[in-house]
Amino acid sequence: MKLVFLLPIAAFGLDASQLADDGANAGSRANPIRKVVTMLQKMQTKITAEGKREEELYEKFACYCKTGSSDLSASISAAENKVPAVTSQLEATKEKLAQTKADLKQAIVDRAAAKDAIAKATAIREKEAKAFAAEKEEFDTNIAALDKAVAALEKGMVGGFLQTPAAKAIRQLAVNSQDMVDMDRQELVAFLSGSQGVGYAPQSGEIVGILKTMLSTMSKALAESTEAENSAISTYEGMMAA
């Protein structure tokens, strides 16, 4: 769109020949009409230039409107195409959040149950350890007494041994034992009570054999008890490490 404003010189009631004549007669003095014509020519040049700039601005604006409208439509279309994917992703996120909350709740329950199980297992382990310590102490005491008895009787030190605490401990052990044959129990108790006489020589007799059998049985029982205790410790430590 061109905006050009032309101001004809004739609008002022002047023609070219008149202006020429006036210019020739002017001489050295200034011609007012020439001044007006010059001024009008400058105005015409300025107005033409401004009209051209306005035309360029208009064309740029029209191009921008056309391009901007196309870009805006493309952006809107792209956004509309993304809506289903974003909606699906949002639903997936909600489901994942719900699952995470459920897992957290279950984890809290499991943790409470685990703490309770650990507390119970610890109490049981402490009880078992205490029982084993007492049993082991008793085994160690009895085994030591049997060792002393066998060593003393094999050396013929019958009288001296029968007066020791070890002899009394073995006698009590024989009385309370449920694993001994009654005949062996009676013979051992009688010997330890001194009712068989001072001259009895147990080195080759049945008393030493009975004592050794008791020693072997008790040592085996201690080994089995120790193995069970070690297994219980291992199981407990595994539970604590899980």
# chains A, B, ... in the order shown; residues from 1 in each chain; ligands from 1

call {"tool": "closest_atom_pairs", "arguments": {"of": "region 57-175 of chain A", "to": "region 220-242 of chain A", "cutoff": "8 Å", "atoms": "only C-alpha atoms", "output": "tab-separated table"}}
result
residue	atom	partner	partner_atom	distance
A:Ile118	CA	A:Met240	CA	7.2
A:Ala121	CA	A:Tyr236	CA	7.2
A:Thr122	CA	A:Tyr236	CA	7.8
A:Arg125	CA	A:Tyr236	CA	7.2
A:Glu128	CA	A:Glu229	CA	7.8
A:Ala129	CA	A:Glu229	CA	7.3
A:Phe132	CA	A:Glu229	CA	7.0
A:Lys136	CA	A:Leu222	CA	6.8
A:Phe139	CA	A:Leu222	CA	6.5

call {"tool": "write_last_selection", "arguments": {"atoms": "N, CA, C and O atoms", "output": "short mmCIF file (atom, residue, chain, number, x, y, z; two decimals), in the first residue's frame"}}
result
data_model
loop_
_atom_site.label_atom_id
_atom_site.label_comp_id
_atom_site.auth_asym_id
_atom_site.auth_seq_id
_atom_site.Cartn_x
_atom_site.Cartn_y
_atom_site.Cartn_z
N ILE A 118 12.35 -59.69 66.29
CA ILE A 118 13.72 -59.57 66.78
C ILE A 118 13.75 -59.57 68.31
O ILE A 118 14.60 -60.21 68.94
N ALA A 121 13.06 -63.10 69.42
CA ALA A 121 14.21 -63.96 69.14
C ALA A 121 15.37 -63.66 70.09
O ALA A 121 16.07 -64.58 70.54
N THR A 122 15.55 -62.40 70.42
CA THR A 122 16.62 -62.01 71.35
C THR A 122 16.36 -62.57 72.75
O THR A 122 17.28 -63.08 73.41
N ARG A 125 17.04 -66.24 72.61
CA ARG A 125 18.48 -66.51 72.51
C ARG A 125 19.17 -66.31 73.85
O ARG A 125 20.04 -67.09 74.26
N GLU A 128 18.29 -69.26 76.01
CA GLU A 128 19.04 -70.45 75.59
C GLU A 128 20.51 -70.36 76.00
O GLU A 128 21.11 -71.35 76.45
N ALA A 129 21.08 -69.16 75.83
CA ALA A 129 22.50 -68.98 76.18
C ALA A 129 22.72 -69.18 77.68
O ALA A 129 23.71 -69.79 78.12
N PHE A 132 22.45 -72.89 78.42
CA PHE A 132 23.65 -73.61 77.96
C PHE A 132 24.82 -73.35 78.91
O PHE A 132 25.60 -74.27 79.20
N LYS A 136 26.71 -76.28 80.67
CA LYS A 136 28.14 -76.49 80.39
C LYS A 136 28.96 -76.47 81.69
O LYS A 136 29.90 -77.27 81.86
N PHE A 139 28.45 -79.81 83.25
CA PHE A 139 29.21 -80.83 82.51
C PHE A 139 30.69 -80.74 82.84
O PHE A 139 31.36 -81.76 83.10
#

call {"tool": "closest_residue", "arguments": {"among": "A:Val181, A:Arg53, A:Leu192, A:Leu146", "to": "Gly160 (chain A)", "atoms": "only C-alpha atoms"}}
result
A:Leu192

call {"tool": "closest_residue", "arguments": {"among": "A:Arg171, A:Lys60, A:Lys115, A:Lys94", "to": "Glu187 (chain A)", "atoms": "only C-alpha atoms"}}
result
A:Arg171

call {"tool": "atom_distance", "arguments": {"atom1": "CA of Glu50 (chain A)", "atom2": "CA of Thr38 (chain A)"}}
result
18.3 Å

call {"tool": "residues_around", "arguments": {"residues": "Glu138 (chain A)", "least_positions_apart": "6", "cutoff": "12 Å", "atoms": "only C-alpha atoms", "output": "PyMOL selection string"}}
result
chain A and resi 131-132+144-145+169-170+173+218-219+221-222

call {"tool": "closest_residue", "arguments": {"among": "A:Lys101, A:Lys82, A:Arg185, A:Lys212", "to": "Val150 (chain A)", "atoms": "only C-alpha atoms"}}
result
A:Lys212

call {"tool": "atom_distance", "arguments": {"atom1": "CA of Thr164 (chain A)", "atom2": "CA of Gly209 (chain A)"}}
result
20.0 Å

call {"tool": "closest_residue", "arguments": {"among": "A:Ala102, A:Thr217, A:Thr48, A:Cys63", "to": "Ile143 (chain A)", "atoms": "only C-alpha atoms"}}
result
A:Thr217

call {"tool": "atom_distance", "arguments": {"atom1": "CA of Ile108 (chain A)", "atom2": "CA of Glu95 (chain A)"}}
result
20.0 Å

call {"tool": "select_by_dssp", "arguments": {"residues": "region 90-207 of chain A", "states": "helix (DSSP H, G or I)", "output": "JSON, numbers by chain"}}
result
{"A": [90, 91, 92, 93, 94, 95, 96, 97, 98, 99, 100, 101, 102, 103, 104, 105, 106, 107, 108, 109, 110, 111, 112, 113, 114, 115, 116, 117, 118, 119, 120, 121, 122, 123, 124, 125, 126, 127, 128, 129, 130, 131, 132, 133, 134, 135, 136, 137, 138, 139, 140, 141, 142, 143, 144, 145, 146, 147, 148, 149, 150, 151, 152, 153, 154, 158, 159, 160, 161, 162, 165, 166, 167, 168, 169, 170, 171, 172, 173, 174, 175, 176, 182, 183, 184, 185, 186, 187, 188, 189, 190, 191, 192, 193, 202, 203, 204, 206, 207]}

call {"tool": "closest_residue", "arguments": {"among": "A:Leu188, A:Ser193, A:Ala62, A:Asp182", "to": "Gln163 (chain A)", "atoms": "only C-alpha atoms"}}
result
A:Ser193

call {"tool": "decode", "arguments": {"residues": "region 125-158 of chain A", "atoms": "N, CA and C atoms", "output": "JSON list (two decimals), in the first residue's frame"}}
result
[["chain", "number", "residue", "atom", "x", "y", "z"],
["A", 125, "ARG", "N", 17.04, -66.24, 72.61],
["A", 125, "ARG", "CA", 18.48, -66.51, 72.51],
["A", 125, "ARG", "C", 19.17, -66.31, 73.85],
["A", 126, "GLU", "N", 18.77, -65.26, 74.56],
["A", 126, "GLU", "CA", 19.37, -65.01, 75.87],
["A", 126, "GLU", "C", 19.03, -66.13, 76.85],
["A", 127, "LYS", "N", 17.79, -66.60, 76.78],
["A", 127, "LYS", "CA", 17.37, -67.69, 77.65],
["A", 127, "LYS", "C", 18.16, -68.97, 77.32],
["A", 128, "GLU", "N", 18.29, -69.26, 76.01],
["A", 128, "GLU", "CA", 19.04, -70.45, 75.59],
["A", 128, "GLU", "C", 20.51, -70.36, 76.00],
["A", 129, "ALA", "N", 21.08, -69.16, 75.83],
["A", 129, "ALA", "CA", 22.50, -68.98, 76.18],
["A", 129, "ALA", "C", 22.72, -69.18, 77.68],
["A", 130, "LYS", "N", 21.77, -68.67, 78.48],
["A", 130, "LYS", "CA", 21.87, -68.83, 79.93],
["A", 130, "LYS", "C", 21.77, -70.30, 80.33],
["A", 131, "ALA", "N", 20.83, -71.01, 79.68],
["A", 131, "ALA", "CA", 20.65, -72.44, 79.99],
["A", 131, "ALA", "C", 21.88, -73.23, 79.59],
["A", 132, "PHE", "N", 22.45, -72.89, 78.42],
["A", 132, "PHE", "CA", 23.65, -73.61, 77.96],
["A", 132, "PHE", "C", 24.82, -73.35, 78.91],
["A", 133, "ALA", "N", 24.96, -72.10, 79.35],
["A", 133, "ALA", "CA", 26.07, -71.78, 80.25],
["A", 133, "ALA", "C", 25.98, -72.59, 81.54],
["A", 134, "ALA", "N", 24.76, -72.71, 82.08],
["A", 134, "ALA", "CA", 24.58, -73.49, 83.30],
["A", 134, "ALA", "C", 24.85, -74.98, 83.05],
["A", 135, "GLU", "N", 24.36, -75.49, 81.92],
["A", 135, "GLU", "CA", 24.56, -76.90, 81.58],
["A", 135, "GLU", "C", 26.04, -77.20, 81.36],
["A", 136, "LYS", "N", 26.71, -76.28, 80.67],
["A", 136, "LYS", "CA", 28.14, -76.49, 80.39],
["A", 136, "LYS", "C", 28.96, -76.47, 81.69],
["A", 137, "GLU", "N", 28.58, -75.57, 82.57],
["A", 137, "GLU", "CA", 29.29, -75.51, 83.85],
["A", 137, "GLU", "C", 29.15, -76.83, 84.61],
["A", 138, "GLU", "N", 27.93, -77.37, 84.58],
["A", 138, "GLU", "CA", 27.69, -78.66, 85.27],
["A", 138, "GLU", "C", 28.47, -79.78, 84.59],
["A", 139, "PHE", "N", 28.45, -79.81, 83.25],
["A", 139, "PHE", "CA", 29.21, -80.83, 82.51],
["A", 139, "PHE", "C", 30.69, -80.74, 82.84],
["A", 140, "ASP", "N", 31.22, -79.50, 82.81],
["A", 140, "ASP", "CA", 32.66, -79.32, 83.07],
["A", 140, "ASP", "C", 33.03, -79.80, 84.47],
["A", 141, "THR", "N", 32.15, -79.50, 85.43],
["A", 141, "THR", "CA", 32.42, -79.93, 86.81],
["A", 141, "THR", "C", 32.42, -81.46, 86.93],
["A", 142, "ASN", "N", 31.43, -82.10, 86.34],
["A", 142, "ASN", "CA", 31.33, -83.56, 86.43],
["A", 142, "ASN", "C", 32.44, -84.25, 85.65],
["A", 143, "ILE", "N", 32.76, -83.73, 84.47],
["A", 143, "ILE", "CA", 33.84, -84.33, 83.67],
["A", 143, "ILE", "C", 35.17, -84.22, 84.41],
["A", 144, "ALA", "N", 35.40, -83.05, 85.03],
["A", 144, "ALA", "CA", 36.64, -82.89, 85.80],
["A", 144, "ALA", "C", 36.69, -83.88, 86.97],
["A", 145, "ALA", "N", 35.56, -84.08, 87.62],
["A", 145, "ALA", "CA", 35.51, -85.03, 88.74],
["A", 145, "ALA", "C", 35.76, -86.45, 88.26],
["A", 146, "LEU", "N", 35.20, -86.84, 87.14],
["A", 146, "LEU", "CA", 35.40, -88.18, 86.59],
["A", 146, "LEU", "C", 36.86, -88.38, 86.18],
["A", 147, "ASP", "N", 37.44, -87.35, 85.58],
["A", 147, "ASP", "CA", 38.87, -87.45, 85.20],
["A", 147, "ASP", "C", 39.73, -87.70, 86.44],
["A", 148, "LYS", "N", 39.46, -86.96, 87.49],
["A", 148, "LYS", "CA", 40.23, -87.14, 88.73],
["A", 148, "LYS", "C", 40.01, -88.54, 89.31],
["A", 149, "ALA", "N", 38.79, -89.01, 89.26],
["A", 149, "ALA", "CA", 38.47, -90.33, 89.81],
["A", 149, "ALA", "C", 39.21, -91.42, 89.07],
["A", 150, "VAL", "N", 39.16, -91.40, 87.75],
["A", 150, "VAL", "CA", 39.82, -92.43, 86.94],
["A", 150, "VAL", "C", 41.32, -92.39, 87.19],
["A", 151, "ALA", "N", 41.91, -91.19, 87.20],
["A", 151, "ALA", "CA", 43.35, -91.07, 87.41],
["A", 151, "ALA", "C", 43.74, -91.58, 88.79],
["A", 152, "ALA", "N", 42.97, -91.24, 89.83],
["A", 152, "ALA", "CA", 43.30, -91.66, 91.19],
["A", 152, "ALA", "C", 43.14, -93.16, 91.37],
["A", 153, "LEU", "N", 42.06, -93.74, 90.85],
["A", 153, "LEU", "CA", 41.82, -95.16, 91.03],
["A", 153, "LEU", "C", 42.82, -96.00, 90.25],
["A", 154, "GLU", "N", 43.23, -95.52, 89.08],
["A", 154, "GLU", "CA", 44.22, -96.27, 88.31],
["A", 154, "GLU", "C", 45.59, -96.27, 89.00],
["A", 155, "LYS", "N", 45.81, -95.24, 89.86],
["A", 155, "LYS", "CA", 47.07, -95.19, 90.60],
["A", 155, "LYS", "C", 46.94, -95.89, 91.97],
["A", 156, "GLY", "N", 45.76, -96.44, 92.28],
["A", 156, "GLY", "CA", 45.58, -97.16, 93.55],
["A", 156, "GLY", "C", 45.32, -96.27, 94.72],
["A", 157, "MET", "N", 45.00, -94.98, 94.48],
["A", 157, "MET", "CA", 44.78, -94.02, 95.55],
["A", 157, "MET", "C", 43.30, -94.01, 95.95],
["A", 158, "VAL", "N", 42.83, -95.20, 96.41],
["A", 158, "VAL", "CA", 41.40, -95.35, 96.69],
["A", 158, "VAL", "C", 40.99, -94.57, 97.94]]
